[in-house]
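**Student:** Mind having a look at this structure? Questions to follow.
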Number of protein chains: 2
Amino acid sequence: MRKLISVLTAIVICVITSAQFSGAQRGQQEQLLPEGFKPSSCNTFLSQYPAVNSQTRQAMFRVVAPTANKVQVDLAGKRYEMTKDEKGVWTCTSDPQVVGFHYYSIWIDSVAVMDRNTQAYFGSNWESSGIEIPEGPEGDYYRFNNNIPHGQIHSIQYWSGINGMERHCNVYIPAEYDQNIKKRFPVLYLLHGWGEDENGWSNQGHLCNIMDGLIASGKAVPMIIVMDCGDIKTNSDVRKASTNDVTQIYVKDLLPFIDKTFRTKADRQNRAMAGLSRGGMQTTQTVFANMDKFAWMGTFSGFFMGNMGRGPAPGASAASPNTQSGSNMIETAFNGVFKDAAAFDKQINLLFISTGTEERSPRDQVESLKAHGLKHIVFHESQGTAHEWLTWRRALNEFAPRIFKQE
Amino acid sequence: MRKLISVLTAIVICVITSAQFSGAQRGQQEQLLPEGFKPSSCNTFLSQYPAVNSQTRQAMFRVVAPTANKVQVDLAGKRYEMTKDEKGVWTCTSDPQVVGFHYYSIWIDSVAVMDRNTQAYFGSNWESSGIEIPEGPEGDYYRFNNNIPHGQIHSIQYWSGINGMERHCNVYIPAEYDQNIKKRFPVLYLLHGWGEDENGWSNQGHLCNIMDGLIASGKAVPMIIVMDCGDIKTNSDVRKASTNDVTQIYVKDLLPFIDKTFRTKADRQNRAMAGLSRGGMQTTQTVFANMDKFAWMGTFSGFFMGNMGRGPAPGASAASPNTQSGSNMIETAFNGVFKDAAAFDKQINLLFISTGTEERSPRDQVESLKAHGLKHIVFHESQGTAHEWLTWRRALNEFAPRIFKQE
């Protein structure tokens with residue numbers, strides 16, 4: 001027995017020692033953070049850094065890299081040089097940031113790497129680090145609230161004949177679904193942006209908290225929200241597919257699967273689609289080609305009239321003068337879907353167009369559509385935000401209350 | 001209009017160019033892989049590397065790091081030196097590996113980083129890269145099968161009074177749950193190992209595929225499987241808690257929440273707990289202290305009789321001689337739970353103990369327990385595997401069919 005206990009003791013000591021050692025290497029050990037700084041809510045549970053300051057909205061970063069020559073942080077389009085202390089620990093503090101979620105990366109001797117001390121977020125088509133800049137009341141609607149009922153995110157694999165393999169999607173199911181077992185629910189298909197995936201809305205977007213709050217307060221009707229992947233992942237043998245096929249996958253594979261699997265209201269009046277950035281473009285592409293299936297739609301930082309219609313080819317010299325561009329575009333954009341404003345309003349109950357004030361705005365295009373007679377268009381601006389997740393959290397918070405309501 | 005189209009064209013070209021550039025930087029662009037190699041199934045969808053060879057069971061790695069001085073790969077306890085070509089691309093090929101999932105990391109000038117071209121897996125308390133070594137028939141039970149009904153993983157936040165904040169758990173719900181809406185189901189609580197989290201069993205373990213297969217073939221009864229976090233995550237203000245409290249969270253917060261939220265059979269005959277590595281120790285700790293709540297249990301690479309009982313303190317000179325250690329340990333281990341073998345068998349329908357043949361084995365301890373008269377003990381060995389996920393996939397595949405069956 002003494003032998004066994006010695007072995008066990010050795011193992012325990014070994015584990016503790018190596019854990020402490022590697023904790024130090026990683027910057028995970030408990031440290032006195034500078035006044036006003038706390039670990040970011042994106043950090044893995046043992047990590048003190050990155051740390052964020054809710055007053056100054058700055059972020060502090062820390063990397064242990066004794067033999068590296070150059071270490072930098074890339075955050076919100078700016079590259080910060082880190083400085084090394086005598087122990088080989090590199091640190092830097094950022095400029096003030098917009099509240100909410102931001103991707104960032106660490107550059108070690110020319111290689112952009114993840115900070116492994118934060119949860120991984122899929123962005124720009126690879127695994128990325130994230131940071132959350134906190135601020136008081138702004139975040140209330142996207143934080144967990146223990147005093148209300150909670151929905152669940154179902155993680156599901158389904159077979160796609162068009163993709164030729166299984167695909168993964170996430171489905172938000174409202175709290176009432178399991179309580180009221182005869183009731184059927186409307187469905188919103190919600191798409192992510194370029195380089196992200198079907199986990200973006202729940203991880204980066206805090207969708208579950210936002211929807212739980214909207215539904216509990218009666219602002220939004222209880223609904224199912226389907227979050228599929230906007231890319232066509234392929235197996236190792238076949239790594240190609242046309243992006244156009246995504247619409248086919250949504251309509252021919254996913255939609256029937258969802259209606260078969262859940263208690264949905266399976267008609268167009270109870271089906272919406274929305275998406276952010278490229279997902280907004282995929283939304284217009286999909287809905288306008290399938291008006292028999294959707295009656296509500298939203299684009300968040302993703303409405304670009306003109307680039308998907310049958311207008312002149314890019315750069316064509318015969319393009320109309322700028323003064324006529326608005327109305328000309330309306331005639332041709334999206335295969336002329338806006339041409340007859342009354343007919344459009346009869347089909348689509350809501351075309352919600354959202355943007356951040358700090359990014360390229362479709363405001364002029366929205367104004368021309370309104371002037372053209374479209375009544376079911378709603379334009380929303382997120383004040384002070386760019387092409388980032390706070391824009392899209394706010395957009396969802398404004399969009400979801402407006403759908404599936406009777407006139 | 002020409003102006004707008006020019007702007008749009010510029011944006012599209014810009015996106016495509018930067019995507020191609022960064023794809024090259026990342027090694028994501030399509031390349032001729034060496035004969036016999038294919039992208040690992042853990043790769044993000046654009047990434048060719050790491051590549052794996054199902055015949056030789058080798059892995060090939062590739063890192064673009066023109067100005068780094070030293071780049072290595074750490075895989076299965078061995079550090080491989082990578083070699084650089086004239087373009088600054090580092091590569092290496094590993095020794096043959098055991099089939100299944102393995103963590104690995106890239107070392108760039110002294111810093112252990114993730115390969116961002118693979119999906120992130122939480123391991124060793126930070127985000128890690130993973131690789132899957134394929135082999136034909138071995139993987140059939142843990143691969144997606146389109147010809148059978150599929151369960152779903154529910155991602156849920158619940159409130160823990162003991163933790164003092166919300167916690168996240170995953171719950172496997174069998175396909176039949178939504179078809180047979182009056183039926184109640186037994187529940188297995190399944191724990192992960194040290195440094196992993198509640199996503200380990202579904203991501204690294206392929207639990208959903210394993211259970212779908214076992215249930216569809218009639219080998220296992222349809223069951224709910226709850227995967228909670230084995231660590232006590234704290235908010236930024238309070239970063240401490242005793243590990244002993246995990247058992248309290250399971251029993252007082254999680255268990256009532258699950259029985260309230262799902263159609264469970266809420267009695268001990270229909271409740272099991274199992275875990276891998278540290279989760280196996282947490283299983284013995286939890287079940288033996290709550291025999292009124294669990295009747296089935298399993299430990300996968302995590303049964304250590306002696307280190308949790310009231311035996312002599314580690315290193316104590318008065319420890320009993322080795323010849324008496326077996327029976328002496330049985331008397332005292334886990335507060336004497338094995339002392340009366342018949343009483344134990346009356347309470348616990350199954351004590352399943354699994355291990356890989358290439359790791360430290362509890363075989364001798366199991367033999368002494370059997371000699372002591374325990375009848376409900378089942379010992380399983382995973383041939384040729386160590387403290388790794390193939391051991392635990394196999395263990396689940398052997399354990400799940402044995403629980404919740406009438407005698």
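Ordered as shown in the structure tokens, chains take letters A, B, and onward, while each chain numbers its residues from 1 and ligands are numbered from 1 in the order shown.
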Give me every strand (DSSP E) residue in stretch 176-221 of chain B, going by DSSP on the backbone, as an MDAnalysis selection string.
**Tutor:** chainID B and resid 187:191
**Student:** Could you dump the residues just selected with N, CA and C atoms as a CSV table (one decimal), in the first residue's frame?
**Tutor:**
```csv
chain,number,residue,atom,x,y,z
B,187,VAL,N,-31.7,8.7,-17.0
B,187,VAL,CA,-30.7,9.8,-17.2
B,187,VAL,C,-29.3,9.3,-16.8
B,188,LEU,N,-28.4,9.5,-17.7
B,188,LEU,CA,-26.9,9.3,-17.4
B,188,LEU,C,-26.3,10.6,-17.2
B,189,TYR,N,-25.6,10.9,-16.1
B,189,TYR,CA,-24.8,12.0,-15.9
B,189,TYR,C,-23.3,11.6,-16.3
B,190,LEU,N,-22.8,12.3,-17.3
B,190,LEU,CA,-21.5,11.9,-17.9
B,190,LEU,C,-20.5,13.0,-17.8
B,191,LEU,N,-19.4,12.7,-17.1
B,191,LEU,CA,-18.4,13.8,-16.8
B,191,LEU,C,-17.2,13.7,-17.6
```
**Student:** Which residues come within 9 Å of A:Thr357, counting only C-alpha atoms, excluding same-chain residues fewer than 6 positions away, as a PDB file with N, CA and C atoms, in the first residue's frame?
**Tutor:**
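That gives us out24.pdb:
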```pdb
ATOM      1  N   GLU A 381     -30.683  52.127 -37.508  1.00  0.00           N
ATOM      2  CA  GLU A 381     -29.258  52.455 -37.404  1.00  0.00           C
ATOM      3  C   GLU A 381     -28.759  52.211 -35.988  1.00  0.00           C
ATOM      4  N   SER A 382     -27.660  51.504 -35.889  1.00  0.00           N
ATOM      5  CA  SER A 382     -27.017  51.291 -34.589  1.00  0.00           C
ATOM      6  C   SER A 382     -26.006  52.416 -34.388  1.00  0.00           C
ATOM      7  N   GLN A 383     -26.267  53.252 -33.394  1.00  0.00           N
ATOM      8  CA  GLN A 383     -25.459  54.455 -33.202  1.00  0.00           C
ATOM      9  C   GLN A 383     -24.032  54.132 -32.735  1.00  0.00           C
ATOM     10  N   GLY A 384     -23.063  54.673 -33.455  1.00  0.00           N
ATOM     11  CA  GLY A 384     -21.669  54.603 -33.007  1.00  0.00           C
ATOM     12  C   GLY A 384     -20.978  53.273 -33.219  1.00  0.00           C
ATOM     13  N   THR A 385     -21.616  52.347 -33.969  1.00  0.00           N
ATOM     14  CA  THR A 385     -20.989  51.035 -34.161  1.00  0.00           C
ATOM     15  C   THR A 385     -20.733  50.775 -35.642  1.00  0.00           C
ATOM     16  N   ALA A 386     -19.770  49.915 -35.898  1.00  0.00           N
ATOM     17  CA  ALA A 386     -19.348  49.613 -37.273  1.00  0.00           C
ATOM     18  C   ALA A 386     -19.811  48.214 -37.678  1.00  0.00           C
TER      19      ALA A 386
END
```
**Student:** Quick one: which stretch 125-208 of chain B residues come within 6 Å of stretch 152-166 of chain A, and what is the nearest atom pair for each with the distance in Å to one decimal, counting only C-alpha atoms, rows ordered by chain and ascending number, as JSON lines?
**Tutor:**
```
{"residue": "B:Gln152", "atom": "CA", "partner": "A:Ile156", "partner_atom": "CA", "distance": 5.4}
{"residue": "B:Ile153", "atom": "CA", "partner": "A:Ser155", "partner_atom": "CA", "distance": 5.0}
{"residue": "B:His154", "atom": "CA", "partner": "A:His154", "partner_atom": "CA", "distance": 4.4}
{"residue": "B:Ser155", "atom": "CA", "partner": "A:Ile153", "partner_atom": "CA", "distance": 5.0}
{"residue": "B:Ile156", "atom": "CA", "partner": "A:Gln152", "partner_atom": "CA", "distance": 5.4}
```
**Student:** How many Å separate atom CA of B:Ala289 from atom CA of B:Ala342?
**Tutor:**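 We find that atom CA of B:Ala289 and atom CA of B:Ala342 lie 18.0 Å from each other.
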**Student:** Per DSSP on the backbone, filter stretch 331-398 of chain A down to the residues in alpha helix (DSSP H) and report them as a ChimeraX atom specification.
**Tutor:** /A:331-336,341-347,363-371,389-398
**Student:** Could you turn the residues from that selection into a file that holds N, CA, C and O atoms, as a tab-separated table (two decimals), in the first residue's frame?
**Tutor:**
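For reference, part-v3.tsv as written:
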```tsv
chain	number	residue	atom	x	y	z
A	331	GLU	N	-35.60	49.49	-60.61
A	331	GLU	CA	-36.24	48.72	-61.68
A	331	GLU	C	-35.55	47.37	-61.89
A	331	GLU	O	-36.20	46.38	-62.20
A	332	THR	N	-34.24	47.36	-61.72
A	332	THR	CA	-33.49	46.17	-62.12
A	332	THR	C	-32.99	45.31	-60.96
A	332	THR	O	-32.76	44.11	-61.13
A	333	ALA	N	-32.80	45.93	-59.78
A	333	ALA	CA	-32.17	45.19	-58.68
A	333	ALA	C	-32.95	43.93	-58.33
A	333	ALA	O	-34.19	43.93	-58.36
A	334	PHE	N	-32.23	42.91	-57.97
A	334	PHE	CA	-32.83	41.63	-57.57
A	334	PHE	C	-33.89	41.18	-58.59
A	334	PHE	O	-35.02	40.83	-58.20
A	335	ASN	N	-33.52	41.23	-59.84
A	335	ASN	CA	-34.44	40.82	-60.91
A	335	ASN	C	-35.76	41.58	-60.90
A	335	ASN	O	-36.81	41.04	-61.24
A	336	GLY	N	-35.72	42.83	-60.46
A	336	GLY	CA	-36.90	43.70	-60.54
A	336	GLY	C	-37.94	43.48	-59.46
A	336	GLY	O	-39.10	43.86	-59.60
A	341	ALA	N	-44.15	48.39	-56.36
A	341	ALA	CA	-44.06	48.53	-54.90
A	341	ALA	C	-45.26	47.88	-54.19
A	341	ALA	O	-45.11	47.20	-53.17
A	342	ALA	N	-46.43	48.08	-54.73
A	342	ALA	CA	-47.64	47.54	-54.09
A	342	ALA	C	-47.60	46.01	-54.10
A	342	ALA	O	-47.95	45.37	-53.10
A	343	ALA	N	-47.14	45.44	-55.21
A	343	ALA	CA	-47.04	43.98	-55.29
A	343	ALA	C	-46.03	43.45	-54.28
A	343	ALA	O	-46.25	42.42	-53.64
A	344	PHE	N	-44.93	44.20	-54.12
A	344	PHE	CA	-43.92	43.78	-53.15
A	344	PHE	C	-44.51	43.79	-51.73
A	344	PHE	O	-44.37	42.82	-50.97
A	345	ASP	N	-45.18	44.88	-51.38
A	345	ASP	CA	-45.76	44.99	-50.04
A	345	ASP	C	-46.82	43.92	-49.77
A	345	ASP	O	-47.04	43.53	-48.62
A	346	LYS	N	-47.43	43.46	-50.83
A	346	LYS	CA	-48.45	42.42	-50.67
A	346	LYS	C	-47.80	41.09	-50.30
A	346	LYS	O	-48.36	40.28	-49.59
A	347	GLN	N	-46.58	40.91	-50.80
A	347	GLN	CA	-45.87	39.65	-50.56
A	347	GLN	C	-45.07	39.66	-49.26
A	347	GLN	O	-45.07	38.71	-48.49
A	363	ARG	N	-28.55	53.90	-46.48
A	363	ARG	CA	-29.59	54.87	-46.20
A	363	ARG	C	-30.20	55.47	-47.48
A	363	ARG	O	-31.43	55.56	-47.61
A	364	ASP	N	-29.36	55.87	-48.43
A	364	ASP	CA	-29.87	56.47	-49.67
A	364	ASP	C	-30.73	55.48	-50.46
A	364	ASP	O	-31.76	55.85	-51.02
A	365	GLN	N	-30.28	54.22	-50.47
A	365	GLN	CA	-31.06	53.21	-51.19
A	365	GLN	C	-32.42	53.01	-50.52
A	365	GLN	O	-33.44	52.86	-51.20
A	366	VAL	N	-32.42	53.02	-49.19
A	366	VAL	CA	-33.68	52.87	-48.45
A	366	VAL	C	-34.60	54.04	-48.76
A	366	VAL	O	-35.81	53.87	-48.99
A	367	GLU	N	-34.03	55.26	-48.80
A	367	GLU	CA	-34.84	56.45	-49.09
A	367	GLU	C	-35.47	56.34	-50.48
A	367	GLU	O	-36.64	56.67	-50.66
A	368	SER	N	-34.68	55.86	-51.46
A	368	SER	CA	-35.27	55.76	-52.81
A	368	SER	C	-36.36	54.70	-52.85
A	368	SER	O	-37.36	54.85	-53.55
A	369	LEU	N	-36.18	53.61	-52.09
A	369	LEU	CA	-37.22	52.58	-52.06
A	369	LEU	C	-38.51	53.12	-51.43
A	369	LEU	O	-39.62	52.85	-51.90
A	370	LYS	N	-38.34	53.93	-50.37
A	370	LYS	CA	-39.51	54.53	-49.74
A	370	LYS	C	-40.20	55.50	-50.70
A	370	LYS	O	-41.43	55.51	-50.84
A	371	ALA	N	-39.38	56.30	-51.38
A	371	ALA	CA	-39.92	57.26	-52.34
A	371	ALA	C	-40.63	56.54	-53.49
A	371	ALA	O	-41.59	57.05	-54.07
A	389	TRP	N	-20.26	43.00	-33.88
A	389	TRP	CA	-21.35	42.26	-33.28
A	389	TRP	C	-22.32	43.12	-32.47
A	389	TRP	O	-23.49	42.74	-32.32
A	390	LEU	N	-21.91	44.26	-31.94
A	390	LEU	CA	-22.88	45.08	-31.21
A	390	LEU	C	-23.96	45.59	-32.16
A	390	LEU	O	-25.14	45.67	-31.81
A	391	THR	N	-23.56	45.91	-33.39
A	391	THR	CA	-24.53	46.31	-34.42
A	391	THR	C	-25.57	45.21	-34.62
A	391	THR	O	-26.77	45.47	-34.71
A	392	TRP	N	-25.11	43.97	-34.65
A	392	TRP	CA	-26.01	42.86	-34.99
A	392	TRP	C	-26.83	42.39	-33.78
A	392	TRP	O	-27.97	41.96	-33.94
A	393	ARG	N	-26.26	42.47	-32.57
A	393	ARG	CA	-27.09	42.19	-31.38
A	393	ARG	C	-28.25	43.19	-31.32
A	393	ARG	O	-29.39	42.83	-31.07
A	394	ARG	N	-27.93	44.46	-31.54
A	394	ARG	CA	-28.98	45.48	-31.53
A	394	ARG	C	-29.98	45.26	-32.65
A	394	ARG	O	-31.18	45.44	-32.46
A	395	ALA	N	-29.49	44.87	-33.81
A	395	ALA	CA	-30.39	44.66	-34.95
A	395	ALA	C	-31.38	43.53	-34.65
A	395	ALA	O	-32.58	43.66	-34.89
A	396	LEU	N	-30.87	42.41	-34.09
A	396	LEU	CA	-31.76	41.31	-33.73
A	396	LEU	C	-32.80	41.77	-32.72
A	396	LEU	O	-33.98	41.43	-32.79
A	397	ASN	N	-32.33	42.57	-31.75
A	397	ASN	CA	-33.20	43.07	-30.68
A	397	ASN	C	-34.31	43.97	-31.23
A	397	ASN	O	-35.37	44.10	-30.63
A	398	GLU	N	-34.06	44.60	-32.37
A	398	GLU	CA	-35.07	45.46	-33.00
A	398	GLU	C	-35.93	44.68	-34.00
A	398	GLU	O	-37.10	44.99	-34.20
```
**Student:** Just give me the gap between atom CA of B:Ala112 and atom CA of B:Phe45 in Å, one decimal is fine.
**Tutor:**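 Here the two named atoms are 23.2 Å from each other.
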**Student:** At what distance in Å, to one decimal, does atom CA of A:Glu81 lie from atom CA of B:Asn125?
**Tutor:**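 Those two atoms sit 27.2 Å apart.
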**Student:** I'd like to know which of A:Val71, A:Leu214, A:Met329, A:Ile258 is closest to chain B, using only C-alpha atoms.
**Tutor:** A:Met329
**Student:** Would you please work out which residue, of A:Ser40, A:Gly77, A:Tyr49, A:Phe262, is nearest to A:Asp178 when using only C-alpha atoms?
**Tutor:**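 Closest residue, counting only C-alpha atoms: A:Phe262.
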**Student:** What lies within 12 Å of A:Ile249 using only C-alpha atoms, ignoring chain neighbours under 2 positions off, as a PyMOL selection string?
**Tutor:** chain A and resi 158-167+228-233+241-247+251-257+282+286
**Student:** Find, counting only C-alpha atoms, the residue in B:Cys169, B:Glu388, B:Ile330, B:Val287 that gets nearest to B:Gly100.
**Tutor:**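 Nearest to B:Gly100: B:Glu388.
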**Student:** Which residues are near stretch 270-280 of chain A? Cut-off 8 Å, only C-alpha atoms, ignore same chain within fewer than 4 positions. Put them as number ranges by chain.
**Tutor:** A: 185-194, 230, 265-266, 284, 287, 293-303, 392, 403-404
**Student:** Keeping C-alpha atoms for every residue in the selection just given, could you write it to a file as a short mmCIF file (atom, residue, chain, number, x, y, z; two decimals), in the first residue's frame?
**Tutor:**
```
data_model
loop_
_atom_site.label_atom_id
_atom_site.label_comp_id
_atom_site.auth_asym_id
_atom_site.auth_seq_id
_atom_site.Cartn_x
_atom_site.Cartn_y
_atom_site.Cartn_z
CA PHE A 185 -44.38 28.01 -33.58
CA PRO A 186 -43.24 30.33 -36.38
CA VAL A 187 -39.66 29.96 -37.62
CA LEU A 188 -36.92 32.51 -38.27
CA TYR A 189 -33.94 31.36 -40.35
CA LEU A 190 -31.01 33.49 -39.15
CA LEU A 191 -27.75 33.59 -41.10
CA HIS A 192 -24.21 34.48 -40.01
CA GLY A 193 -21.64 36.51 -41.94
CA TRP A 194 -18.61 35.70 -44.09
CA GLY A 230 -23.73 29.72 -44.70
CA LYS A 265 -46.22 26.66 -38.39
CA ALA A 266 -45.19 25.58 -41.85
CA THR A 284 -32.18 38.58 -50.31
CA VAL A 287 -36.17 35.07 -50.13
CA LYS A 293 -41.94 30.34 -48.63
CA PHE A 294 -41.08 33.54 -46.70
CA ALA A 295 -43.11 36.64 -45.78
CA TRP A 296 -40.68 38.46 -43.43
CA MET A 297 -37.04 39.38 -43.95
CA GLY A 298 -34.16 41.32 -42.45
CA THR A 299 -30.66 42.30 -43.51
CA PHE A 300 -28.18 43.51 -40.89
CA SER A 301 -25.20 45.31 -42.50
CA GLY A 302 -25.93 43.34 -45.63
CA PHE A 303 -28.28 45.19 -47.95
CA TRP A 392 -26.01 42.86 -34.99
CA ILE A 403 -42.06 39.66 -37.05
CA PHE A 404 -44.94 37.19 -36.90
#
```
**Student:** Counting only C-alpha atoms, which of B:Phe122, B:Asn146, B:Val89, B:Ile348 gets nearest to B:Gln269?
**Tutor:**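 Using only C-alpha atoms, B:Gln269 sits closest to B:Ile348.
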**Student:** From the set B:Phe379, B:Phe288, B:Trp90, B:Phe304, which residue has the shortest atom-to-atom contact distance to chain A, counting only C-alpha atoms?
**Tutor:**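 Among the listed residues, the smallest separation from chain A belongs to B:Phe304.
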**Student:** Can you pull out every residue within 10 Å of A:Tyr80, counting only C-alpha atoms, but drop anything in the same chain fewer than 3 positions away, and send it as a PyMOL selection string?
**Tutor:** chain A and resi 71-75+77+83+91-95+106-107
**Student:** Using only C-alpha atoms, find the one residue out of A:Gln179, A:Asn117, A:Asn199, A:Asn209 that sits nearest to A:His150.
**Tutor:** A:Asn209
